[in-house]
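Student: Take a look at this one; I'll ask things after.
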Amino acid sequence: MRIYDIIKKKRDGEELTTEEINYFVKNYTEGKIPDYQISALLMAIYFNKMNKRETIDLTRAMVNSGDIVDLSGIKGIKVDKHSTGGVGDTVTLILGPMIAACDVPFVKMSGRGLGHTGGTLDKLESINGFRVELTNEEFLRYTNNIKISICSQTANITPADKKLYSLRDVTATVENLSLIASSIMSKKLAIGSDAIILDVKVGNGAFMKNIDDAIHLAKEMVAIGTGYGRETIAIVSNMDEPLGKAIGNSLEIKEAIKTLKGNGPEDLFQLTLQLGTKLLLLVKKVEKEEEAKKLLEEIIDSGAAYNKFKELVKWQGGDVNQIENPELLPKAKYIIEVKSEKEGYIKSLNAEEIGKCALKLGAGRETMDSTIDLSAGIILNKKVDDRVMVGETLAQIHTNDISKGKDVEEDLKGLFEIGEKNKKSKKLIYGLVTKDRVEIY
Ligand code: URA
Ligand code: CA
């Protein structure tokens, strides 16, 4: 077999065999095929696409390129959650403790932030002492004891995806449905959870810019998971504007604490509640949707979810005092209030551009080696469809660098599009994809 022939075949729009897919994944991972040939192949895949069978084969080849994390030592039906990436997406930090407080084991191997999207591990590291690097023995023991752990991937999981994703990132070949679906699902399937819930984001801050594409991606991922014998469902949700109000690491920890105490932003709480509801039904913890919702609302009202978060922080070495007194979390030196110069309704709030503002402030990483400022970020006081008066605060910029802060103030003023009320009010959740059906809301 020759890589040249595989590239040519895909260039000409033909279907690749299982053997051909295994061949290029294995040999590229082992460094036996150069980047320039795989770049050409990725571009051919980008233009000519892969069918379902090819996508499943690619996923399997990537899963098999590394270690599989065995979770069979954890009692119960283990659940995992994944978002396709967003801005200010604080959901995992709230959903995890809620699910665990319902006695369902939640095992999450998270990533770090890159570019305009944030990462759960960085957020957790704004808590003093919080250890995200756990050994297999530790996360199995923690989850058996308190039903939750959130850690980094220690094992050598899907090395093929790591190489391919980095190459896609610099060759403009990220936005292909099969490549995204196989990349995300290979990482999920390499970790042996029983049930997976996917939050597929759609909008200007997401990979998928329109609902049809997002539904298509969700269907593809659900089919891959189901084919692997995992209960898999997907929610398709709005990422036209950031989720919640806080964007930035310690700011999002504070937002998570508030939400776990029942005082968080409505969109963030409602999305988390929906995901949690579907998850409890998926693992058959309850039978009816209303029961699931009621149970989740109860564990918020009783403080059980908040206490579970504190337990997670304590077990992973973090300072619980900072959770009980959030003012002790990292704080920026300066807060700049961005004031509105117009009266009207917020028409749009481009999530990707706001993510880039947070990145500029140091809340995110330009490259995997950049250091981040845990206290930097943005609080949105107004969101899409809100009414605003002249002089009212649109947002707060939290920064340790006043000149960067001033820069971002100018950017943010331009990002709040203010005018007539939108004809259609915004939607938080567009639909649900299960193995048997697609529900559009
Ligand atoms: N996230 C991933 O892990 N892979 C993709 O291809 C896109 C988003
Ligand atoms: Ca948020």
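In the structure tokens, chains take letters A, B, ... by order of appearance, with residues numbered from 1 within each chain and ligands from 1 in the order shown.
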Using only C-alpha atoms and all ligand atoms, which residues have at least one atom no more than 8 Å from ligand 2? Output them as a ChimeraX atom specification.
Tutor: /A:87-91,242-248,252,255,268
Student: Could you list, as a PyMOL selection string, all the residues within 7 Å of ligand 1, counting only C-alpha atoms and all ligand atoms?
Tutor: chain A and resi 84-85+165+174+179-181+183-184
Student: Name the residues of region 18-103 of chain A that fall into alpha helix (DSSP H) according to DSSP on the backbone, using the chain letters and numbers of this document, as number ranges by chain.
Tutor: A: 18-29, 35-48, 52-63, 91-101
Student: Once you have the residues from the selection above, write them out as a compact mmCIF listing (two decimals), in the first residue's frame, restricted to C-alpha atoms.
Tutor:
# COMPACT_ATOMS: atom_id res chain seq x y z
CA THR A 18 -10.95 0.04 6.04
CA GLU A 19 -7.41 -1.17 5.33
CA GLU A 20 -6.44 2.10 3.66
CA ILE A 21 -7.78 4.12 6.59
CA ASN A 22 -5.98 1.91 9.11
CA TYR A 23 -2.81 2.19 7.05
CA PHE A 24 -2.61 5.98 6.97
CA VAL A 25 -3.66 6.45 10.61
CA LYS A 26 -1.16 3.89 11.92
CA ASN A 27 1.77 4.97 9.78
CA TYR A 28 1.19 8.68 10.32
CA THR A 29 1.00 8.16 14.11
CA ASP A 35 2.94 15.88 7.33
CA TYR A 36 2.81 17.14 3.74
CA GLN A 37 1.22 13.97 2.44
CA ILE A 38 -1.34 13.79 5.25
CA SER A 39 -2.07 17.50 4.72
CA ALA A 40 -2.93 16.74 1.11
CA LEU A 41 -5.08 13.79 2.17
CA LEU A 42 -6.93 15.90 4.76
CA MET A 43 -7.68 18.54 2.15
CA ALA A 44 -8.97 15.85 -0.21
CA ILE A 45 -11.20 14.54 2.62
CA TYR A 46 -12.30 18.10 3.34
CA PHE A 47 -13.51 18.57 -0.24
CA ASN A 48 -14.71 15.08 -1.11
CA LYS A 52 -20.56 6.93 7.37
CA ARG A 53 -18.56 3.73 7.05
CA GLU A 54 -15.33 5.59 6.42
CA THR A 55 -16.02 7.89 9.38
CA ILE A 56 -16.60 4.93 11.70
CA ASP A 57 -13.43 3.27 10.44
CA LEU A 58 -11.45 6.45 10.99
CA THR A 59 -12.83 6.74 14.53
CA ARG A 60 -11.91 3.13 15.31
CA ALA A 61 -8.41 3.53 13.89
CA MET A 62 -7.86 6.57 16.13
CA VAL A 63 -9.26 4.84 19.25
CA VAL A 91 -21.67 23.65 32.11
CA THR A 92 -19.36 20.78 33.12
CA LEU A 93 -18.58 22.43 36.47
CA ILE A 94 -22.30 22.52 37.29
CA LEU A 95 -23.62 19.40 35.56
CA GLY A 96 -20.93 17.13 37.05
CA PRO A 97 -21.75 17.87 40.71
CA MET A 98 -25.52 17.77 39.97
CA ILE A 99 -25.32 14.34 38.38
CA ALA A 100 -22.97 13.02 41.07
CA ALA A 101 -25.32 14.34 43.76
Student: Set the distance at 8 Å and use only C-alpha atoms: which residues neighbour region 331-342 of chain A once local chain neighbours fewer than 3 positions away are removed? I'd like the list as a VMD selection string.
Tutor: chain A and resid 250 327 to 328 375 to 376 388 to 402 405 to 406 409 412 to 413 418
Student: Let me see the file: selected residues, N, CA, C and O atoms, as a short mmCIF file (atom, residue, chain, number, x, y, z; two decimals), in the first residue's frame.
Tutor:
data_model
loop_
_atom_site.label_atom_id
_atom_site.label_comp_id
_atom_site.auth_asym_id
_atom_site.auth_seq_id
_atom_site.Cartn_x
_atom_site.Cartn_y
_atom_site.Cartn_z
N SER A 250 -11.26 32.18 36.75
CA SER A 250 -11.81 32.29 38.10
C SER A 250 -13.22 32.88 38.06
O SER A 250 -14.06 32.56 38.90
N GLU A 327 -14.64 35.46 47.06
CA GLU A 327 -13.81 36.67 46.89
C GLU A 327 -12.33 36.34 47.08
O GLU A 327 -11.46 37.13 46.75
N LEU A 328 -12.04 35.15 47.61
CA LEU A 328 -10.64 34.72 47.79
C LEU A 328 -10.05 34.10 46.51
O LEU A 328 -8.86 33.83 46.44
N SER A 375 -7.24 35.25 36.50
CA SER A 375 -8.20 36.22 37.01
C SER A 375 -8.83 37.06 35.91
O SER A 375 -9.82 37.75 36.13
N ALA A 376 -8.25 37.03 34.70
CA ALA A 376 -8.71 37.91 33.63
C ALA A 376 -9.99 37.39 32.99
O ALA A 376 -10.25 36.19 33.00
N VAL A 388 -31.34 48.15 26.84
CA VAL A 388 -30.25 48.91 27.47
C VAL A 388 -30.47 50.41 27.26
O VAL A 388 -31.01 50.85 26.25
N MET A 389 -30.08 51.20 28.27
CA MET A 389 -30.20 52.66 28.21
C MET A 389 -28.80 53.26 28.05
O MET A 389 -27.80 52.61 28.37
N VAL A 390 -28.75 54.50 27.62
CA VAL A 390 -27.46 55.19 27.51
C VAL A 390 -26.83 55.28 28.90
O VAL A 390 -27.50 55.61 29.87
N GLY A 391 -25.55 54.93 28.99
CA GLY A 391 -24.84 55.02 30.27
C GLY A 391 -24.91 53.76 31.12
O GLY A 391 -24.22 53.65 32.12
N GLU A 392 -25.74 52.82 30.73
CA GLU A 392 -25.82 51.56 31.48
C GLU A 392 -24.60 50.68 31.18
O GLU A 392 -24.05 50.74 30.08
N THR A 393 -24.24 49.85 32.15
CA THR A 393 -23.08 48.99 31.97
C THR A 393 -23.43 47.79 31.08
O THR A 393 -24.36 47.05 31.37
N LEU A 394 -22.67 47.65 30.01
CA LEU A 394 -22.87 46.49 29.12
C LEU A 394 -22.06 45.30 29.60
O LEU A 394 -22.50 44.16 29.54
N ALA A 395 -20.84 45.61 30.04
CA ALA A 395 -19.94 44.52 30.45
C ALA A 395 -18.88 45.07 31.38
O ALA A 395 -18.67 46.29 31.46
N GLN A 396 -18.23 44.15 32.09
CA GLN A 396 -17.09 44.50 32.94
C GLN A 396 -15.87 43.77 32.41
O GLN A 396 -15.93 42.57 32.15
N ILE A 397 -14.77 44.49 32.31
CA ILE A 397 -13.51 43.86 31.88
C ILE A 397 -12.64 43.67 33.11
O ILE A 397 -12.36 44.64 33.82
N HIS A 398 -12.23 42.45 33.37
CA HIS A 398 -11.33 42.18 34.50
C HIS A 398 -9.93 41.96 33.94
O HIS A 398 -9.71 41.05 33.16
N THR A 399 -9.01 42.82 34.33
CA THR A 399 -7.67 42.75 33.73
C THR A 399 -6.57 43.17 34.69
O THR A 399 -6.82 43.94 35.62
N ASN A 400 -5.37 42.67 34.46
CA ASN A 400 -4.20 43.11 35.21
C ASN A 400 -3.34 44.03 34.37
O ASN A 400 -2.27 44.44 34.80
N ASP A 401 -3.78 44.30 33.15
CA ASP A 401 -3.00 45.12 32.23
C ASP A 401 -3.94 46.19 31.67
O ASP A 401 -4.78 45.92 30.80
N ILE A 402 -3.79 47.41 32.18
CA ILE A 402 -4.76 48.46 31.88
C ILE A 402 -4.81 48.79 30.38
O ILE A 402 -5.87 49.07 29.83
N GLY A 405 -6.76 46.23 28.66
CA GLY A 405 -8.15 46.44 29.07
C GLY A 405 -8.82 47.51 28.23
O GLY A 405 -9.95 47.36 27.77
N LYS A 406 -8.09 48.61 28.00
CA LYS A 406 -8.63 49.74 27.20
C LYS A 406 -8.87 49.30 25.76
O LYS A 406 -9.86 49.68 25.14
N GLU A 409 -11.92 47.28 25.67
CA GLU A 409 -13.10 48.13 25.87
C GLU A 409 -13.62 48.63 24.51
O GLU A 409 -14.82 48.58 24.24
N LEU A 412 -15.17 45.67 22.62
CA LEU A 412 -16.47 45.24 23.16
C LEU A 412 -17.59 46.19 22.77
O LEU A 412 -18.70 45.77 22.46
N LYS A 413 -17.27 47.49 22.78
CA LYS A 413 -18.28 48.49 22.39
C LYS A 413 -18.83 48.18 21.00
O LYS A 413 -20.02 48.28 20.75
N ILE A 418 -26.52 47.18 18.98
CA ILE A 418 -27.73 47.71 19.65
C ILE A 418 -28.65 48.35 18.63
O ILE A 418 -28.19 49.07 17.75
#
Student: Taking the DSSP assignment computed from this structure's backbone, write out as JSON, numbers by chain all residues of region 41-138 of chain A that belong to strand (DSSP E).
Tutor: {"A": [79, 80, 81, 82, 83, 106, 107, 108, 109, 110]}
Student: Return the single residue from A:Asn204, A:Ser193, A:Gly377, A:Met185 that is closest to Leu217 (chain A), with distances computed using only C-alpha atoms.
Tutor: A:Met185
Student: Listing only residues of region 104-199 of chain A within 10 Å of region 427-438 of chain A, what is the closest atom pair and its distance in Å (to one decimal) for each, using only C-alpha atoms, sorted by chain and residue number ascending, as a tab-separated table?
Tutor:
residue	atom	partner	partner_atom	distance
A:Ile197	CA	A:Thr434	CA	9.9
A:Leu198	CA	A:Val433	CA	9.4
A:Asp199	CA	A:Leu432	CA	9.5
Student: Could you give me, as a VMD selection string, the residues within 12 Å of Asp70 (chain A), counting only C-alpha atoms and dropping anything in the same chain fewer than 6 positions from it?
Tutor: chain A and resid 78 107 136 to 137 139 to 140 155 157 189 to 194
Student: Check the smallest atom-to-atom distance from each of A:Asp267, A:Glu241, A:Asp67, A:Glu289 to Glu417 (chain A) using only C-alpha atoms, then report the winner.
Tutor: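 Answer, going by the shortest atom-to-atom distance: A:Glu241.
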